[in-house]
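Undergrad: Here it is: the structure, laid out below.
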Amino acid sequence: MAFTQLGLSQQVLEGIKAMGYTEPTPIQLRAIPLILQGKDVIGSAQTGTGKTAAFALPILTHLGASTGRTRCLILEPTRELAAQVETALRDFCRFTDIKVAVVYGGVGYGKQNDALKGGADIIVATPGRLLDHLQRGTARLDEVKYLVLDEADRMLDMGFLPDVRRIVERCPRARHTSLFSATVPPQIETLIQWAMRTPETIEIGQRRSPAETVKHVVYPVADQQKSDLLRALLDQVHYDSVIIFCRTKHRADRIAVLLKKNNHAVAVLHSNRTQREREQALQGFRNGKFEVLVATDIAARGLDIADVSHVINYDVPQHPEDYVHRIGRTGRAQATGDAFTIMVAEDRQPMAAIERFIGKNIDRVKLEGFNYTYTTLFDDPKDKKPGGGGGGGFPGKARGVRLSGGYFFGPARRKRR
Ligand code: AMP
């Protein structure tokens, strides 16, 4: 089905065309008609499925033209996400006169006050800063008709739920509410019952599974060889852009320094960086100035970074959900991508939890030509089984040889450069 058959306004259709979208993604096909009908919608599609457009396009169609009063509020857990959704909205509504203001913490009030005073039809906000604006009287929600709670489970994780409730209380009861969440823990269920009216639920694919187009592999290695393996991987893999996830800010900084020494163009993204530094890192990564982005999990959620060819987990994530979110950076909107996880002996349990969570085993592979020292991981019967039950065949676009010991030799692709 084409976008033109969904009941969207002409101006919105022109915006979509200018974006180069040719056909709706599954969540857009399901959510757009429901939101256009005025239904409350719960969406549990993973990020990278086109969920921003799924809620933005029908809301923009309903808003029509600017009235200079805030009729739509979109809450986001992080400033990066808020900025990203604002950019997407501006793109979608470029053929309308609708005004969008973005409001988040960590920066001054001046620009935000101006945008709000200018009569924002839509506010995209993180909860804390929006509450500040409400207290100062610089933002009003008494005419809000469309409320979107995006990444609700992350807002819960970050302790924002009480703020979210206070904000929802400031919105009129006669409104349409959409909520997006990868998981629906009990607190979100309670929020749904309190804030929404007979919502329709849309689940796209399995709630927990990462994009089907991503190929996953695990590289077992001795702890002391982790950074050597990372460097060797980057030398062998033919990547266009890669995000490397680390467990701590300190480690992210250390890895970035190491890779810079090896002549990689590296940016770092974590919460100790200033807003300006984060924006520069993201901007530079998006426009190709940096080929490698080293990040902690704060960057993993929902960030719209197009065309990431590889995600490397330098550390196994401690929560299985984080694995899915990290991997969500690649294989977005049907592009294929590769996801590598470096695993040391102490990662056995979290790795098993991840495999249970996503419902499949991930192949263990060795990097061709790498001078491995021994680790007990190499004795694991599971790891010795070729294919590891993860679907067989060579992982990703890797070409390699199957060893008698059971390992695949993972990617022997050379970088183009
Ligand atoms: P999202 O899940 O909203 O973060 O979107 C993920 C990426 O998919 C963004 O880069 C969007 O611009 C892109 N996208 C969303 N909808 C479509 C579509 N129908 N066709 C092609 N790309 C899309």
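By convention here, the chains of the structure tokens are called A, B, ... in the order presented, each chain's residues are numbered starting at 1, and ligands are numbered starting at 1 in the order presented.
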So that I can check the surroundings of Glu76 of chain A, please list as a PDB file with all heavy atoms, in the first residue's frame every protein, DNA and RNA residue that reaches within 7 Å of it, counting only C-alpha atoms and ignoring chain neighbours fewer than 4 positions away.

TA:
ATOM      1  N   LEU A  81      17.268  12.316  21.610  1.00  0.00           N
ATOM      2  CA  LEU A  81      16.047  11.852  20.960  1.00  0.00           C
ATOM      3  C   LEU A  81      15.107  13.003  20.661  1.00  0.00           C
ATOM      4  O   LEU A  81      14.488  13.060  19.599  1.00  0.00           O
ATOM      5  CB  LEU A  81      15.339  10.833  21.849  1.00  0.00           C
ATOM      6  CG  LEU A  81      15.725   9.391  21.608  1.00  0.00           C
ATOM      7  CD1 LEU A  81      15.174   8.498  22.712  1.00  0.00           C
ATOM      8  CD2 LEU A  81      15.180   8.919  20.271  1.00  0.00           C
ATOM      9  N   ALA A  82      14.995  13.930  21.627  1.00  0.00           N
ATOM     10  CA  ALA A  82      14.108  15.078  21.420  1.00  0.00           C
ATOM     11  C   ALA A  82      14.567  15.857  20.187  1.00  0.00           C
ATOM     12  O   ALA A  82      13.763  16.200  19.317  1.00  0.00           O
ATOM     13  CB  ALA A  82      14.089  15.963  22.661  1.00  0.00           C
ATOM     14  N   ALA A 125       9.767  17.495  23.949  1.00  0.00           N
ATOM     15  CA  ALA A 125      10.439  17.864  25.207  1.00  0.00           C
ATOM     16  C   ALA A 125      10.913  16.669  26.006  1.00  0.00           C
ATOM     17  O   ALA A 125      10.368  15.573  25.896  1.00  0.00           O
ATOM     18  CB  ALA A 125       9.458  18.673  26.062  1.00  0.00           C
ATOM     19  N   THR A 126      11.940  16.922  26.800  1.00  0.00           N
ATOM     20  CA  THR A 126      12.260  15.980  27.875  1.00  0.00           C
ATOM     21  C   THR A 126      11.500  16.470  29.117  1.00  0.00           C
ATOM     22  O   THR A 126      11.251  17.677  29.262  1.00  0.00           O
ATOM     23  CB  THR A 126      13.776  15.915  28.149  1.00  0.00           C
ATOM     24  OG1 THR A 126      14.254  17.243  28.378  1.00  0.00           O
ATOM     25  CG2 THR A 126      14.529  15.317  26.973  1.00  0.00           C
ATOM     26  N   LEU A 149       3.878   9.706  24.193  1.00  0.00           N
ATOM     27  CA  LEU A 149       4.875   9.309  25.190  1.00  0.00           C
ATOM     28  C   LEU A 149       5.799   8.322  24.489  1.00  0.00           C
ATOM     29  O   LEU A 149       5.444   7.154  24.283  1.00  0.00           O
ATOM     30  CB  LEU A 149       4.183   8.673  26.399  1.00  0.00           C
ATOM     31  CG  LEU A 149       3.077   9.532  27.034  1.00  0.00           C
ATOM     32  CD1 LEU A 149       2.346   8.769  28.137  1.00  0.00           C
ATOM     33  CD2 LEU A 149       3.670  10.832  27.588  1.00  0.00           C
ATOM     34  N   ASP A 150       6.935   8.812  24.068  1.00  0.00           N
ATOM     35  CA  ASP A 150       7.842   7.992  23.259  1.00  0.00           C
ATOM     36  C   ASP A 150       8.870   7.320  24.159  1.00  0.00           C
ATOM     37  O   ASP A 150       9.291   7.911  25.158  1.00  0.00           O
ATOM     38  CB  ASP A 150       8.538   8.894  22.218  1.00  0.00           C
ATOM     39  CG  ASP A 150       9.152   8.095  21.077  1.00  0.00           C
ATOM     40  OD1 ASP A 150       8.833   6.887  20.952  1.00  0.00           O
ATOM     41  OD2 ASP A 150       9.932   8.670  20.307  1.00  0.00           O
ATOM     42  N   GLU A 151       9.266   6.106  23.815  1.00  0.00           N
ATOM     43  CA  GLU A 151      10.276   5.376  24.597  1.00  0.00           C
ATOM     44  C   GLU A 151       9.900   5.381  26.075  1.00  0.00           C
ATOM     45  O   GLU A 151      10.723   5.712  26.953  1.00  0.00           O
ATOM     46  CB  GLU A 151      11.665   6.007  24.402  1.00  0.00           C
ATOM     47  CG  GLU A 151      12.057   6.140  22.942  1.00  0.00           C
ATOM     48  CD  GLU A 151      12.950   5.021  22.443  1.00  0.00           C
ATOM     49  OE1 GLU A 151      13.553   4.333  23.267  1.00  0.00           O
ATOM     50  OE2 GLU A 151      13.028   4.842  21.213  1.00  0.00           O
TER      51      GLU A 151
END

Undergrad: Check which residues of segment 198-292 of chain A sit at most 12 Å from segment 366-382 of chain A using only C-alpha atoms, and return one row each with the closest pair of atoms and their distance in Å to one decimal, ordered by chain and rising number, as JSON lines.

TA:
{"residue": "A:Val217", "atom": "CA", "partner": "A:Lys366", "partner_atom": "CA", "distance": 9.7}
{"residue": "A:Val218", "atom": "CA", "partner": "A:Lys366", "partner_atom": "CA", "distance": 8.5}
{"residue": "A:Tyr219", "atom": "CA", "partner": "A:Lys366", "partner_atom": "CA", "distance": 6.0}
{"residue": "A:Pro220", "atom": "CA", "partner": "A:Leu377", "partner_atom": "CA", "distance": 6.5}
{"residue": "A:Val221", "atom": "CA", "partner": "A:Thr375", "partner_atom": "CA", "distance": 6.5}
{"residue": "A:Ala222", "atom": "CA", "partner": "A:Thr375", "partner_atom": "CA", "distance": 5.1}
{"residue": "A:Asp223", "atom": "CA", "partner": "A:Thr375", "partner_atom": "CA", "distance": 8.3}
{"residue": "A:Gln224", "atom": "CA", "partner": "A:Thr373", "partner_atom": "CA", "distance": 9.1}
{"residue": "A:Gln225", "atom": "CA", "partner": "A:Thr373", "partner_atom": "CA", "distance": 7.8}
{"residue": "A:Lys226", "atom": "CA", "partner": "A:Tyr372", "partner_atom": "CA", "distance": 10.4}
{"residue": "A:Asp228", "atom": "CA", "partner": "A:Phe370", "partner_atom": "CA", "distance": 8.9}
{"residue": "A:Leu229", "atom": "CA", "partner": "A:Phe370", "partner_atom": "CA", "distance": 7.4}
{"residue": "A:Leu230", "atom": "CA", "partner": "A:Leu367", "partner_atom": "CA", "distance": 10.2}
{"residue": "A:Arg231", "atom": "CA", "partner": "A:Phe370", "partner_atom": "CA", "distance": 10.4}
{"residue": "A:Ala232", "atom": "CA", "partner": "A:Phe370", "partner_atom": "CA", "distance": 7.2}
{"residue": "A:Leu233", "atom": "CA", "partner": "A:Leu367", "partner_atom": "CA", "distance": 7.3}
{"residue": "A:Leu234", "atom": "CA", "partner": "A:Leu367", "partner_atom": "CA", "distance": 10.9}
{"residue": "A:Asp235", "atom": "CA", "partner": "A:Leu367", "partner_atom": "CA", "distance": 10.9}
{"residue": "A:Gln236", "atom": "CA", "partner": "A:Leu367", "partner_atom": "CA", "distance": 8.6}
{"residue": "A:Val237", "atom": "CA", "partner": "A:Leu367", "partner_atom": "CA", "distance": 10.0}

Undergrad: Fewer than 4 positions away in the same chain doesn't count, so skip those; otherwise give me all residues within 12 Å of segment 276-278 of chain A, counting only C-alpha atoms, as a PyMOL selection string.

TA: chain A and resi 79-80+83+106-108+267-272+282-285+293-295+298-299

Undergrad: What are the DSSP helix (DSSP H, G or I) residues of segment 260-306 of chain A, as a VMD selection string?

TA: chain A and resid 260 to 261 275 to 286 297 to 299

Undergrad: Just the selected residues (C-alpha atoms), exported as a CSV table (one decimal), in the first residue's frame, please.

TA:
chain,number,residue,atom,x,y,z
A,260,LYS,CA,42.7,7.6,17.5
A,261,LYS,CA,46.3,6.5,17.9
A,275,GLN,CA,25.7,19.1,25.1
A,276,ARG,CA,27.9,20.8,22.5
A,277,GLU,CA,30.4,18.0,22.4
A,278,ARG,CA,27.6,15.4,22.0
A,279,GLU,CA,26.0,17.3,19.2
A,280,GLN,CA,29.4,17.7,17.4
A,281,ALA,CA,30.1,14.0,17.8
A,282,LEU,CA,26.7,13.0,16.4
A,283,GLN,CA,26.8,15.6,13.6
A,284,GLY,CA,30.3,14.5,12.6
A,285,PHE,CA,29.4,10.8,12.7
A,286,ARG,CA,26.3,11.4,10.6
A,297,ASP,CA,24.3,2.9,26.4
A,298,ILE,CA,22.9,6.4,26.6
A,299,ALA,CA,23.5,6.7,22.9

Undergrad: Provide the atom CA of Gln135 of chain A to atom CA of Arg165 of chain A distance in Å, to one decimal place.

TA: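 Straight-line distance from atom CA of Gln135 of chain A to atom CA of Arg165 of chain A works out to 15.0 Å.
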
Undergrad: For a test of reading the model, state the distance in Å between atom CA of Asp142 of chain A and atom CA of Ile122 of chain A, rounded to one decimal.

TA: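 That distance, rounded to one decimal, is 12.8 Å.
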